[in-house]
>>> print(open('protein.cif').read())   # mmCIF, C-alpha atoms and all ligand atoms
data_structure
#
loop_
_atom_site.label_atom_id
_atom_site.label_comp_id
_atom_site.auth_asym_id
_atom_site.auth_seq_id
_atom_site.Cartn_x
_atom_site.Cartn_y
_atom_site.Cartn_z
CA MET H 1 5.54 -15.69 36.72
CA ASN H 2 7.02 -17.36 33.62
CA ILE H 3 4.95 -16.84 30.49
CA LEU H 4 5.37 -18.99 27.40
CA VAL H 5 4.65 -16.89 24.30
CA ILE H 6 3.73 -18.88 21.21
CA ASN H 7 3.53 -17.57 17.64
CA CYS H 8 2.33 -20.46 15.56
CA GLY H 9 2.47 -20.47 11.75
CA SER H 10 1.34 -23.18 9.33
CA SER H 11 4.73 -24.95 9.33
CA SER H 12 6.67 -23.00 11.93
CA LEU H 13 6.39 -22.05 15.58
CA LYS H 14 8.30 -19.31 17.39
CA PHE H 15 8.44 -19.34 21.18
CA GLN H 16 9.81 -17.30 24.06
CA LEU H 17 9.73 -17.92 27.77
CA ILE H 18 9.51 -14.56 29.54
CA ASP H 19 9.85 -13.88 33.28
CA SER H 20 7.07 -11.37 33.83
CA ASP H 21 8.68 -9.97 36.99
CA THR H 22 11.93 -8.95 35.30
CA GLU H 23 10.36 -8.80 31.78
CA LYS H 24 13.46 -10.63 30.55
CA CYS H 25 13.42 -13.45 28.00
CA ILE H 26 14.74 -16.63 29.66
CA ALA H 27 14.83 -18.81 26.55
CA LYS H 28 13.61 -18.63 22.99
CA GLY H 29 13.58 -20.60 19.81
CA LEU H 30 11.90 -21.74 16.68
CA CYS H 31 10.49 -24.96 15.23
CA GLU H 32 10.66 -25.11 11.44
CA ARG H 33 9.34 -27.43 8.74
CA ILE H 34 6.60 -28.86 10.97
CA GLY H 35 4.85 -31.63 9.03
CA ILE H 36 7.57 -31.52 6.35
CA ASP H 37 10.75 -33.61 5.97
CA GLY H 38 13.79 -32.17 7.74
CA SER H 39 11.98 -30.57 10.72
CA MET H 40 14.27 -28.79 13.15
CA ILE H 41 14.14 -27.00 16.46
CA THR H 42 16.40 -24.10 17.37
CA TYR H 43 16.63 -23.48 21.11
CA ALA H 44 18.57 -20.74 22.88
CA PRO H 45 18.55 -20.35 26.66
CA GLU H 46 19.45 -16.80 27.72
CA GLY H 47 23.21 -16.51 28.04
CA GLY H 48 23.73 -20.10 26.77
CA GLU H 49 24.67 -21.73 23.50
CA LYS H 50 22.14 -21.87 20.67
CA GLU H 51 21.31 -25.49 19.74
CA VAL H 52 19.85 -26.65 16.44
CA THR H 53 18.41 -30.20 16.44
CA THR H 54 16.98 -31.96 13.41
CA THR H 55 14.18 -34.26 14.55
CA PRO H 56 10.85 -35.39 13.11
CA MET H 57 7.85 -33.14 13.89
CA PRO H 58 4.84 -34.66 12.17
CA ASP H 59 2.52 -32.09 13.75
CA HIS H 60 2.35 -29.03 16.01
CA THR H 61 1.63 -31.10 19.13
CA GLU H 62 4.98 -32.81 18.66
CA ALA H 63 6.65 -29.43 18.06
CA ILE H 64 5.25 -28.03 21.32
CA ARG H 65 6.17 -31.24 23.15
CA LEU H 66 9.77 -30.72 21.98
CA VAL H 67 9.67 -27.06 23.06
CA LEU H 68 8.48 -28.05 26.54
CA GLU H 69 11.13 -30.78 26.67
CA ALA H 70 13.86 -28.29 25.77
CA LEU H 71 12.64 -25.81 28.40
CA THR H 72 12.58 -28.44 31.17
CA ASN H 73 15.41 -30.86 30.37
CA GLU H 74 18.24 -31.25 32.88
CA LYS H 75 21.08 -30.07 30.66
CA THR H 76 19.89 -26.92 28.94
CA GLY H 77 16.45 -26.37 30.47
CA VAL H 78 15.61 -23.12 32.23
CA VAL H 79 12.79 -24.40 34.46
CA LYS H 80 12.57 -27.57 36.58
CA SER H 81 9.05 -28.57 35.54
CA LEU H 82 6.05 -27.37 33.58
CA ASP H 83 4.57 -26.13 36.88
CA GLU H 84 6.97 -23.21 36.59
CA ILE H 85 5.18 -22.00 33.46
CA GLY H 86 2.31 -19.90 34.80
CA ALA H 87 0.45 -19.18 31.56
CA VAL H 88 0.70 -19.30 27.77
CA GLY H 89 0.15 -16.26 25.54
CA HIS H 90 -0.78 -17.03 21.94
CA ARG H 91 -0.44 -14.59 19.09
CA VAL H 92 -3.60 -14.84 17.00
CA VAL H 93 -3.59 -12.99 13.69
CA HIS H 94 -7.26 -12.25 13.05
CA GLY H 95 -9.90 -11.49 15.66
CA GLY H 96 -12.30 -9.93 13.14
CA GLU H 97 -14.91 -7.74 14.84
CA ASN H 98 -15.25 -10.31 17.62
CA PHE H 99 -12.22 -9.17 19.61
CA ALA H 100 -11.25 -5.61 20.45
CA ALA H 101 -8.93 -6.82 23.22
CA SER H 102 -6.92 -9.83 24.34
CA THR H 103 -8.91 -12.55 26.03
CA VAL H 104 -8.53 -15.67 28.17
CA ILE H 105 -9.00 -18.72 25.93
CA ASN H 106 -11.96 -21.02 26.51
CA ASP H 107 -14.08 -23.15 24.15
CA GLU H 108 -16.29 -20.20 23.21
CA VAL H 109 -13.26 -18.05 22.35
CA MET H 110 -11.80 -20.85 20.24
CA LYS H 111 -15.06 -21.06 18.31
CA ALA H 112 -15.02 -17.30 17.74
CA ILE H 113 -11.40 -17.49 16.48
CA GLU H 114 -12.43 -20.28 14.13
CA GLU H 115 -15.19 -18.03 12.78
CA CYS H 116 -12.44 -15.66 11.61
CA ASN H 117 -10.66 -18.41 9.61
CA ASP H 118 -12.14 -17.10 6.35
CA LEU H 119 -10.53 -13.71 6.99
CA ALA H 120 -7.04 -15.17 7.55
CA PRO H 121 -7.00 -18.64 5.98
CA LEU H 122 -3.21 -18.99 6.20
CA HIS H 123 -2.84 -17.82 9.79
CA ASN H 124 -5.86 -18.42 12.03
CA PRO H 125 -6.11 -22.21 11.50
CA ALA H 126 -2.39 -22.48 12.39
CA ASN H 127 -2.89 -20.32 15.50
CA LEU H 128 -5.73 -22.62 16.58
CA ILE H 129 -3.61 -25.71 16.04
CA GLY H 130 -1.02 -24.19 18.40
CA ILE H 131 -3.68 -23.45 21.00
CA ASN H 132 -5.06 -27.01 20.77
CA ALA H 133 -1.59 -28.52 21.04
CA CYS H 134 -0.84 -26.53 24.23
CA LYS H 135 -4.25 -27.43 25.64
CA GLU H 136 -3.45 -31.09 25.13
CA LEU H 137 0.00 -30.93 26.74
CA MET H 138 -0.70 -28.38 29.51
CA PRO H 139 -4.43 -28.79 30.22
CA ASN H 140 -4.34 -26.87 33.50
CA THR H 141 -2.28 -23.89 32.38
CA PRO H 142 -4.32 -20.77 31.57
CA MET H 143 -3.97 -19.43 28.03
CA VAL H 144 -4.56 -16.00 26.53
CA ALA H 145 -5.12 -14.98 22.90
CA VAL H 146 -3.56 -11.67 21.81
CA PHE H 147 -4.88 -10.51 18.45
CA ASP H 148 -2.98 -8.63 15.74
CA THR H 149 -6.20 -6.86 14.82
CA ALA H 150 -7.50 -5.89 18.28
CA PHE H 151 -5.69 -2.55 18.74
CA HIS H 152 -7.18 -1.28 15.46
CA GLN H 153 -10.79 -2.00 16.44
CA THR H 154 -11.12 1.61 17.67
CA MET H 155 -10.92 2.94 14.08
CA PRO H 156 -13.98 4.99 13.13
CA GLU H 157 -16.30 3.69 10.44
CA GLU H 158 -15.05 6.18 7.85
CA ALA H 159 -11.54 4.77 8.25
CA TYR H 160 -12.47 1.10 8.06
CA MET H 161 -15.11 1.05 5.30
CA TYR H 162 -14.21 0.48 1.65
CA GLY H 163 -16.06 2.05 -1.28
CA LEU H 164 -17.69 -1.29 -2.11
CA PRO H 165 -21.32 -2.44 -2.09
CA TYR H 166 -22.40 -2.30 1.56
CA GLU H 167 -23.84 -5.81 1.35
CA TYR H 168 -20.28 -7.22 1.30
CA TYR H 169 -19.67 -5.71 4.70
CA GLN H 170 -23.02 -7.00 5.94
CA LYS H 171 -22.60 -10.48 4.48
CA TYR H 172 -18.85 -11.09 4.79
CA LYS H 173 -17.56 -8.35 7.10
CA ILE H 174 -15.30 -7.01 4.35
CA ARG H 175 -13.66 -3.93 5.90
CA ARG H 176 -10.26 -2.66 7.05
CA TYR H 177 -8.97 -4.54 10.10
CA GLY H 178 -5.25 -3.75 10.21
CA PHE H 179 -2.46 -5.93 11.59
CA HIS H 180 0.74 -5.63 13.70
CA GLY H 181 -1.62 -4.17 16.36
CA THR H 182 0.48 -5.51 19.24
CA SER H 183 3.49 -3.66 17.88
CA HIS H 184 1.65 -0.41 17.10
CA SER H 185 0.21 -0.42 20.62
CA PHE H 186 3.53 -1.30 22.32
CA VAL H 187 5.56 1.30 20.41
CA SER H 188 3.07 4.17 20.69
CA LYS H 189 2.73 3.63 24.46
CA LYS H 190 6.50 3.39 24.84
CA ALA H 191 6.94 6.68 22.97
CA ALA H 192 4.65 8.49 25.41
CA GLU H 193 6.38 6.83 28.37
CA ASP H 194 9.89 7.69 27.10
CA LEU H 195 8.89 11.31 26.51
CA GLY H 196 7.26 11.54 29.95
CA LYS H 197 3.97 12.58 28.34
CA ASN H 198 0.41 11.44 28.77
CA TYR H 199 -0.48 8.81 26.11
CA GLU H 200 -4.02 10.18 25.96
CA ASP H 201 -2.74 13.67 25.00
CA LEU H 202 -0.62 12.70 21.99
CA LYS H 203 -1.00 12.26 18.24
CA ILE H 204 1.43 9.51 17.25
CA ILE H 205 2.26 7.89 13.90
CA VAL H 206 3.95 4.48 14.13
CA CYS H 207 5.84 3.20 11.07
CA HIS H 208 6.28 -0.57 11.60
CA LEU H 209 8.68 -1.33 8.76
CA GLY H 210 9.69 -5.01 8.76
CA ASN H 211 9.32 -7.67 6.14
CA GLY H 212 5.65 -6.95 6.45
CA ALA H 213 5.09 -3.22 6.94
CA SER H 214 2.24 -1.09 8.18
CA ILE H 215 1.69 2.36 9.55
CA SER H 216 -0.87 3.59 12.04
CA ALA H 217 -2.32 6.81 13.40
CA VAL H 218 -2.81 6.78 17.18
CA LYS H 219 -4.76 9.74 18.53
CA ASN H 220 -5.27 10.21 22.29
CA GLY H 221 -4.29 6.58 22.93
CA LYS H 222 -6.58 5.07 20.31
CA CYS H 223 -5.85 3.81 16.81
CA VAL H 224 -7.80 5.92 14.29
CA ASP H 225 -6.38 4.50 11.05
CA THR H 226 -3.90 1.95 9.74
CA SER H 227 -2.57 0.97 6.35
CA MET H 228 -3.20 -2.79 6.22
CA GLY H 229 -6.74 -3.73 5.35
CA LEU H 230 -8.91 -6.83 5.19
CA THR H 231 -5.60 -8.67 4.77
CA PRO H 232 -1.94 -7.72 5.31
CA LEU H 233 -1.52 -7.03 1.58
CA GLU H 234 -2.75 -3.43 1.55
CA GLY H 235 -0.80 -0.27 2.25
CA LEU H 236 2.96 0.22 2.21
CA ILE H 237 5.31 -1.48 -0.24
CA MET H 238 6.74 -4.42 1.75
CA GLY H 239 9.51 -7.01 1.42
CA THR H 240 7.62 -9.09 -1.14
CA ARG H 241 4.05 -7.72 -0.91
CA SER H 242 2.85 -5.05 -3.30
CA GLY H 243 0.86 -2.88 -0.88
CA ASP H 244 -1.63 -0.52 -2.58
CA ILE H 245 -2.17 -0.99 -6.31
CA ASP H 246 -4.93 -0.12 -8.74
CA PRO H 247 -7.24 -3.17 -8.42
CA ALA H 248 -7.70 -3.19 -12.21
CA ILE H 249 -4.03 -4.22 -12.57
CA ILE H 250 -5.10 -7.71 -11.50
CA GLU H 251 -7.35 -8.11 -14.54
CA PHE H 252 -4.74 -6.50 -16.79
CA ILE H 253 -1.98 -8.95 -15.77
CA ALA H 254 -4.41 -11.89 -15.90
CA HIS H 255 -5.15 -11.14 -19.55
CA LYS H 256 -1.61 -10.28 -20.62
CA GLU H 257 0.09 -13.20 -18.88
CA GLY H 258 -2.73 -15.77 -18.97
CA LYS H 259 -2.75 -16.18 -15.19
CA ASN H 260 -5.54 -17.13 -12.82
CA ILE H 261 -6.46 -15.33 -9.59
CA ASP H 262 -4.41 -17.66 -7.35
CA GLU H 263 -1.29 -17.13 -9.46
CA ILE H 264 -1.78 -13.36 -9.37
CA MET H 265 -2.27 -13.38 -5.59
CA THR H 266 1.01 -15.28 -5.27
CA ILE H 267 2.71 -12.60 -7.38
CA LEU H 268 1.23 -9.81 -5.22
CA ASN H 269 2.17 -11.54 -1.95
CA LYS H 270 5.49 -13.19 -2.73
CA LYS H 271 7.06 -11.66 -5.83
CA SER H 272 6.23 -7.98 -5.53
CA GLY H 273 7.24 -5.36 -2.95
CA VAL H 274 10.86 -4.25 -2.90
CA LEU H 275 11.90 -7.67 -4.23
CA GLY H 276 9.84 -7.29 -7.40
CA LEU H 277 10.39 -3.56 -7.76
CA SER H 278 14.18 -4.01 -7.58
CA ASP H 279 13.94 -6.51 -10.46
CA ASN H 280 14.65 -9.32 -7.97
CA LEU H 281 17.76 -7.71 -6.49
CA SER H 282 16.61 -8.44 -2.92
CA SER H 283 13.80 -8.15 -0.38
CA ASP H 284 16.42 -7.27 2.26
CA PHE H 285 17.14 -3.59 2.90
CA ARG H 286 20.79 -4.30 3.69
CA ASP H 287 21.24 -5.40 0.07
CA LEU H 288 19.19 -2.49 -1.25
CA GLU H 289 21.19 0.03 0.76
CA ALA H 290 24.47 -1.53 -0.42
CA GLY H 291 23.21 -1.55 -4.02
CA HIS H 292 22.15 2.09 -3.78
CA ASN H 293 25.60 3.07 -2.43
CA GLU H 294 27.22 1.26 -5.37
CA GLY H 295 25.06 3.16 -7.87
CA ASN H 296 22.67 0.27 -8.70
CA ALA H 297 19.65 1.93 -10.37
CA ASN H 298 17.27 -0.91 -9.34
CA ALA H 299 18.17 -0.36 -5.70
CA THR H 300 17.82 3.43 -5.88
CA ARG H 301 14.43 3.31 -7.63
CA THR H 302 13.18 0.82 -5.05
CA LEU H 303 14.31 2.81 -2.00
CA LYS H 304 12.89 6.04 -3.41
CA THR H 305 9.51 4.48 -4.22
CA TYR H 306 9.36 2.72 -0.84
CA CYS H 307 10.15 5.87 1.15
CA TYR H 308 7.80 8.03 -0.93
CA ARG H 309 4.93 5.67 -0.06
CA VAL H 310 5.76 5.83 3.66
CA ALA H 311 5.91 9.65 3.52
CA LYS H 312 2.59 9.78 1.65
CA TYR H 313 0.90 7.70 4.35
CA ILE H 314 2.39 9.89 7.08
CA GLY H 315 0.86 12.90 5.30
CA SER H 316 -2.54 11.27 5.13
CA TYR H 317 -2.44 10.41 8.85
CA VAL H 318 -1.40 13.96 9.74
CA ALA H 319 -4.58 14.98 7.92
CA ALA H 320 -6.64 12.28 9.68
CA MET H 321 -5.47 13.45 13.13
CA ASN H 322 -5.23 17.16 12.28
CA GLY H 323 -1.57 17.12 13.29
CA VAL H 324 1.12 14.88 14.73
CA ASP H 325 3.36 15.13 17.80
CA VAL H 326 5.54 12.04 17.45
CA ILE H 327 6.59 9.82 14.54
CA CYS H 328 8.07 6.42 15.54
CA PHE H 329 10.08 4.01 13.41
CA THR H 330 10.17 0.35 14.43
CA ALA H 331 10.75 -3.28 13.23
CA GLY H 332 13.69 -4.63 11.18
CA VAL H 333 13.88 -1.84 8.61
CA GLY H 334 12.54 0.96 10.81
CA GLU H 335 15.01 0.16 13.61
CA ASN H 336 18.09 -0.44 11.47
CA ALA H 337 17.93 1.40 8.16
CA ALA H 338 19.12 4.96 8.89
CA LEU H 339 19.01 5.72 5.16
CA VAL H 340 15.31 4.83 4.93
CA ARG H 341 14.52 7.06 7.94
CA THR H 342 16.49 9.91 6.36
CA MET H 343 14.78 9.53 2.98
CA VAL H 344 11.30 9.44 4.58
CA CYS H 345 12.00 12.44 6.83
CA GLU H 346 13.23 14.50 3.86
CA TYR H 347 9.56 14.76 2.86
CA LEU H 348 8.52 16.07 6.28
CA GLY H 349 9.83 19.63 6.19
CA TYR H 350 6.24 20.91 6.35
CA LEU H 351 5.97 19.31 9.81
CA GLY H 352 9.10 21.12 10.94
CA VAL H 353 10.98 17.80 11.18
CA ALA H 354 14.74 18.16 11.60
CA ILE H 355 16.87 15.01 12.03
CA ASP H 356 20.00 14.77 14.16
CA GLN H 357 22.09 12.52 11.89
CA GLU H 358 24.44 11.48 14.67
CA ALA H 359 21.51 10.12 16.71
CA ASN H 360 19.98 8.62 13.57
CA HIS H 361 23.12 6.55 13.00
CA LYS H 362 23.48 5.40 16.61
CA ARG H 363 22.35 1.84 17.29
CA SER H 364 20.68 1.77 20.63
CA GLU H 365 17.48 1.16 22.51
CA ASP H 366 14.76 3.80 22.25
CA ILE H 367 16.17 7.04 20.92
CA VAL H 368 14.94 10.44 19.76
CA ILE H 369 16.51 11.12 16.36
CA SER H 370 15.04 14.59 15.79
CA THR H 371 16.88 17.70 16.94
CA PRO H 372 15.70 19.50 20.11
CA ASP H 373 14.12 22.27 18.00
CA SER H 374 12.36 19.88 15.60
CA LYS H 375 8.63 20.77 15.67
CA THR H 376 7.68 17.07 15.50
CA THR H 377 9.56 14.48 17.56
CA VAL H 378 10.94 11.53 15.59
CA MET H 379 11.95 8.39 17.47
CA VAL H 380 13.32 4.90 16.88
CA ILE H 381 11.72 2.40 19.28
CA PRO H 382 12.54 -1.31 18.95
CA THR H 383 9.31 -3.29 18.98
CA ASN H 384 8.87 -6.28 21.26
CA GLU H 385 5.70 -8.12 20.36
CA GLU H 386 6.56 -11.11 22.59
CA LEU H 387 6.91 -8.91 25.67
CA ALA H 388 3.65 -7.16 24.80
CA ILE H 389 1.92 -10.57 24.55
CA ALA H 390 3.46 -11.66 27.88
CA ARG H 391 2.23 -8.44 29.56
CA GLU H 392 -1.29 -8.95 28.22
CA THR H 393 -1.22 -12.56 29.40
CA VAL H 394 -0.17 -11.60 32.93
CA ARG H 395 -2.81 -8.86 33.04
CA LEU H 396 -5.56 -11.35 32.20
CA VAL H 397 -4.55 -14.36 34.28
P1 LIG W 1 9.30 -9.62 10.09
O1 LIG W 1 8.18 -8.89 9.40
O2 LIG W 1 9.67 -10.90 9.40
O3 LIG W 1 9.14 -9.73 11.59
P2 LIG W 1 11.54 -7.89 10.73
O4 LIG W 1 10.85 -6.83 11.49
O5 LIG W 1 12.42 -8.83 11.47
O6 LIG W 1 10.55 -8.69 9.81
O7 LIG W 1 12.41 -7.18 9.58
C1 LIG W 1 13.20 -7.93 8.72
C2 LIG W 1 13.82 -7.00 7.69
O8 LIG W 1 14.57 -5.97 8.37
C3 LIG W 1 14.85 -7.66 6.81
O9 LIG W 1 14.26 -8.28 5.70
C4 LIG W 1 15.70 -6.49 6.38
O10 LIG W 1 15.15 -5.92 5.22
C5 LIG W 1 15.58 -5.49 7.50
N1 LIG W 1 16.84 -5.34 8.25
C6 LIG W 1 17.31 -6.09 9.26
N2 LIG W 1 18.51 -5.64 9.68
C7 LIG W 1 18.82 -4.56 8.91
C8 LIG W 1 19.93 -3.64 8.85
N3 LIG W 1 20.96 -3.73 9.67
N4 LIG W 1 19.86 -2.66 7.93
C9 LIG W 1 18.81 -2.56 7.09
N5 LIG W 1 17.75 -3.37 7.11
C10 LIG W 1 17.73 -4.37 8.00
#
>>> encode(input="protein.cif", output="structure tokens", more="lines below")
Ligand code: ADP
Amino acid sequence: MNILVINCGSSSLKFQLIDSDTEKCIAKGLCERIGIDGSMITYAPEGGEKEVTTTPMPDHTEAIRLVLEALTNEKTGVVKSLDEIGAVGHRVVHGGENFAASTVINDEVMKAIEECNDLAPLHNPANLIGINACKELMPNTPMVAVFDTAFHQTMPEEAYMYGLPYEYYQKYKIRRYGFHGTSHSFVSKKAAEDLGKNYEDLKIIVCHLGNGASISAVKNGKCVDTSMGLTPLEGLIMGTRSGDIDPAIIEFIAHKEGKNIDEIMTILNKKSGVLGLSDNLSSDFRDLEAGHNEGNANATRTLKTYCYRVAKYIGSYVAAMNGVDVICFTAGVGENAALVRTMVCEYLGYLGVAIDQEANHKRSEDIVISTPDSKTTVMVIPTNEELAIARETVRLV
């Protein structure tokens, strides 16, 4: 069955058509600047030429119409008609406490997703717009919602509660939710599979280090803690997000710089992280690595602080699980930045971690980068959130 996977943002939409039998991507692409001047669609059929077309997209329905047109047109299409698309899998960012698993979309589910809008005001409304647009254009095709938060719903209360007045949890459901759940689930399962071990017997730490970054502790097949919180701002230092800070810094900057809360949130989300810490050198680890190799002090400070934070979280999750068997690196930075992996693992001597630098510098699919006698196994496992969404969709329809 062909599954259309949709990841809808407020002005963008990423899509992939995946053949669930072969688990191969048949075509993928991206619509950008939806509702803004200069909208464009990038479309790439597997093995074919990538096409970029500038064309008006006043709304998401038009964007999805163009996606379906690209997938079915005579010249570059990969299917003859929409009948060859068996189901649609939608990435939905926030499922709150309503969803601990993926679910088939119906009116009730859409209402429950809407109830989570407050928790993810930038993402959930956009996800719903994508769902509505597909419903309009493919009314008879089943759709599934796969939530970023669902995998983390198994966290125990002591891991998800904050030290805040309890009434805020009761009134507003303020608690840790965690994100990137699809990736943490996919990578931890894959680690067990690759090692030929039972998922339910392992203690795994997944470091999802991309532009957004989070880390999770997966014990006996269940997430027991993760670094992102109510929102994706908490935890690790990210591309442009601050991660953990003393909350009183917000008031301090507000007074010193005469800024309001919205301006400060923009600083914490868009101007902080490795971008801010490197004094605006870059949010991209390729630039930071190059800078570090050239002796740039901003780059070196940034890499050291970033890796220290990752190592500190690993330590706290070793404590939470009373041990660890496997540590996995994934996402853009985790999969590609050998230097970051080295710098993080230098802190892990107490876990008996020993890295095989030849393996660490190999670019490949899943790979074990620790030596055979390393007491803890360290792996690099490329994440594939689209495939995970497609699998969930097939399972449910
Ligand atoms: P997103 O959170 O947007 O999905 P990705 O997981 O795609 O992010 O990660 C993107 C980041 O990965 C880039 O900003 C860059 O820092 C990093 N990255 C990509 N390729 C490399 C590379 N070859 N070496 C180091 N870092 C890389």
>>> axis_aligned_box(input="protein.cif", around="ligand LIG 1 (chain W)", padding_each_side="8 Å", output="JSON")
{"center_x": 14.6, "center_y": -6.7, "center_z": 8.4, "size_x": 28.8, "size_y": 24.3, "size_z": 22.4}
>>> residues_near_ligand(input="protein.cif", ligand="ligand LIG 1 (chain W)", cutoff="7 Å", atoms="only C-alpha atoms and all ligand atoms", output="list in words")
Leu209, Gly210, Asn211, Gly212, Ala213, Gly239, Ser283, Asp284, Phe285, Arg286, Ala331, Gly332, Val333, Asn336 and Ala337 of chain H
>>> write_last_selection(input="protein.cif", atoms="C-alpha atoms", output="PDB file, keeping the file's coordinate frame")
ATOM      1  CA  LEU H 209       8.680  -1.330   8.760  1.00  0.00           C
ATOM      2  CA  GLY H 210       9.690  -5.010   8.760  1.00  0.00           C
ATOM      3  CA  ASN H 211       9.320  -7.670   6.140  1.00  0.00           C
ATOM      4  CA  GLY H 212       5.650  -6.950   6.450  1.00  0.00           C
ATOM      5  CA  ALA H 213       5.090  -3.220   6.940  1.00  0.00           C
ATOM      6  CA  GLY H 239       9.510  -7.010   1.420  1.00  0.00           C
ATOM      7  CA  SER H 283      13.800  -8.150  -0.380  1.00  0.00           C
ATOM      8  CA  ASP H 284      16.420  -7.270   2.260  1.00  0.00           C
ATOM      9  CA  PHE H 285      17.140  -3.590   2.900  1.00  0.00           C
ATOM     10  CA  ARG H 286      20.790  -4.300   3.690  1.00  0.00           C
ATOM     11  CA  ALA H 331      10.750  -3.280  13.230  1.00  0.00           C
ATOM     12  CA  GLY H 332      13.690  -4.630  11.180  1.00  0.00           C
ATOM     13  CA  VAL H 333      13.880  -1.840   8.610  1.00  0.00           C
ATOM     14  CA  ASN H 336      18.090  -0.440  11.470  1.00  0.00           C
ATOM     15  CA  ALA H 337      17.930   1.400   8.160  1.00  0.00           C
TER      16      ALA H 337
END
>>> closest_atom_pairs(input="protein.cif", of="stretch 197-295 of chain H", to="stretch 299-312 of chain H", cutoff="7 Å", atoms="all atoms listed in the file", output="CSV")
residue,atom,partner,partner_atom,distance
H:Leu236,CA,H:Arg309,CA,6.2
H:Ile237,CA,H:Tyr306,CA,5.9
H:Val274,CA,H:Thr302,CA,6.0
H:Leu277,CA,H:Thr302,CA,5.9
H:Ser278,CA,H:Thr302,CA,5.5
H:Leu288,CA,H:Ala299,CA,5.0
H:Gly291,CA,H:Ala299,CA,5.4
H:His292,CA,H:Thr300,CA,5.0
>>> atom_distance(input="protein.cif", atom1="atom CA of H:Val378", atom2="atom CA of H:Arg91")
28.7 Å
>>> closest_residue(input="protein.cif", among="H:Val368, H:Val397, H:Asn298, H:Lys259", to="H:Gly276", atoms="all atoms listed in the file")
H:Asn298
>>> decode(input="protein.cif", residues="stretch 61-72 of chain H", atoms="N, CA, C and O atoms", output="PDB file, in the first residue's frame")
ATOM      1  N   THR H  61      -4.858  23.902   1.430  1.00  0.00           N
ATOM      2  CA  THR H  61      -5.626  23.035   0.535  1.00  0.00           C
ATOM      3  C   THR H  61      -5.014  23.083  -0.859  1.00  0.00           C
ATOM      4  O   THR H  61      -4.847  22.057  -1.522  1.00  0.00           O
ATOM      5  N   GLU H  62      -4.648  24.284  -1.288  1.00  0.00           N
ATOM      6  CA  GLU H  62      -4.018  24.432  -2.599  1.00  0.00           C
ATOM      7  C   GLU H  62      -2.655  23.720  -2.614  1.00  0.00           C
ATOM      8  O   GLU H  62      -2.295  23.062  -3.590  1.00  0.00           O
ATOM      9  N   ALA H  63      -1.914  23.828  -1.524  1.00  0.00           N
ATOM     10  CA  ALA H  63      -0.604  23.155  -1.447  1.00  0.00           C
ATOM     11  C   ALA H  63      -0.791  21.645  -1.601  1.00  0.00           C
ATOM     12  O   ALA H  63      -0.104  21.000  -2.404  1.00  0.00           O
ATOM     13  N   ILE H  64      -1.755  21.078  -0.882  1.00  0.00           N
ATOM     14  CA  ILE H  64      -1.964  19.621  -0.975  1.00  0.00           C
ATOM     15  C   ILE H  64      -2.500  19.239  -2.351  1.00  0.00           C
ATOM     16  O   ILE H  64      -2.124  18.216  -2.911  1.00  0.00           O
ATOM     17  N   ARG H  65      -3.335  20.113  -2.941  1.00  0.00           N
ATOM     18  CA  ARG H  65      -3.819  19.838  -4.298  1.00  0.00           C
ATOM     19  C   ARG H  65      -2.628  19.739  -5.261  1.00  0.00           C
ATOM     20  O   ARG H  65      -2.552  18.860  -6.106  1.00  0.00           O
ATOM     21  N   LEU H  66      -1.653  20.645  -5.087  1.00  0.00           N
ATOM     22  CA  LEU H  66      -0.468  20.623  -5.961  1.00  0.00           C
ATOM     23  C   LEU H  66       0.390  19.377  -5.707  1.00  0.00           C
ATOM     24  O   LEU H  66       0.958  18.800  -6.631  1.00  0.00           O
ATOM     25  N   VAL H  67       0.460  18.960  -4.452  1.00  0.00           N
ATOM     26  CA  VAL H  67       1.215  17.738  -4.119  1.00  0.00           C
ATOM     27  C   VAL H  67       0.572  16.542  -4.828  1.00  0.00           C
ATOM     28  O   VAL H  67       1.243  15.743  -5.492  1.00  0.00           O
ATOM     29  N   LEU H  68      -0.763  16.445  -4.719  1.00  0.00           N
ATOM     30  CA  LEU H  68      -1.467  15.316  -5.331  1.00  0.00           C
ATOM     31  C   LEU H  68      -1.340  15.364  -6.856  1.00  0.00           C
ATOM     32  O   LEU H  68      -1.200  14.330  -7.510  1.00  0.00           O
ATOM     33  N   GLU H  69      -1.335  16.579  -7.389  1.00  0.00           N
ATOM     34  CA  GLU H  69      -1.170  16.750  -8.844  1.00  0.00           C
ATOM     35  C   GLU H  69       0.213  16.255  -9.270  1.00  0.00           C
ATOM     36  O   GLU H  69       0.349  15.510 -10.243  1.00  0.00           O
ATOM     37  N   ALA H  70       1.221  16.643  -8.496  1.00  0.00           N
ATOM     38  CA  ALA H  70       2.595  16.232  -8.830  1.00  0.00           C
ATOM     39  C   ALA H  70       2.729  14.711  -8.761  1.00  0.00           C
ATOM     40  O   ALA H  70       3.380  14.084  -9.596  1.00  0.00           O
ATOM     41  N   LEU H  71       2.088  14.106  -7.755  1.00  0.00           N
ATOM     42  CA  LEU H  71       2.219  12.645  -7.576  1.00  0.00           C
ATOM     43  C   LEU H  71       1.505  11.860  -8.672  1.00  0.00           C
ATOM     44  O   LEU H  71       1.865  10.723  -8.963  1.00  0.00           O
ATOM     45  N   THR H  72       0.471  12.492  -9.288  1.00  0.00           N
ATOM     46  CA  THR H  72      -0.341  11.736 -10.259  1.00  0.00           C
ATOM     47  C   THR H  72      -0.158  12.197 -11.700  1.00  0.00           C
ATOM     48  O   THR H  72      -0.695  11.568 -12.602  1.00  0.00           O
TER      49      THR H  72
END
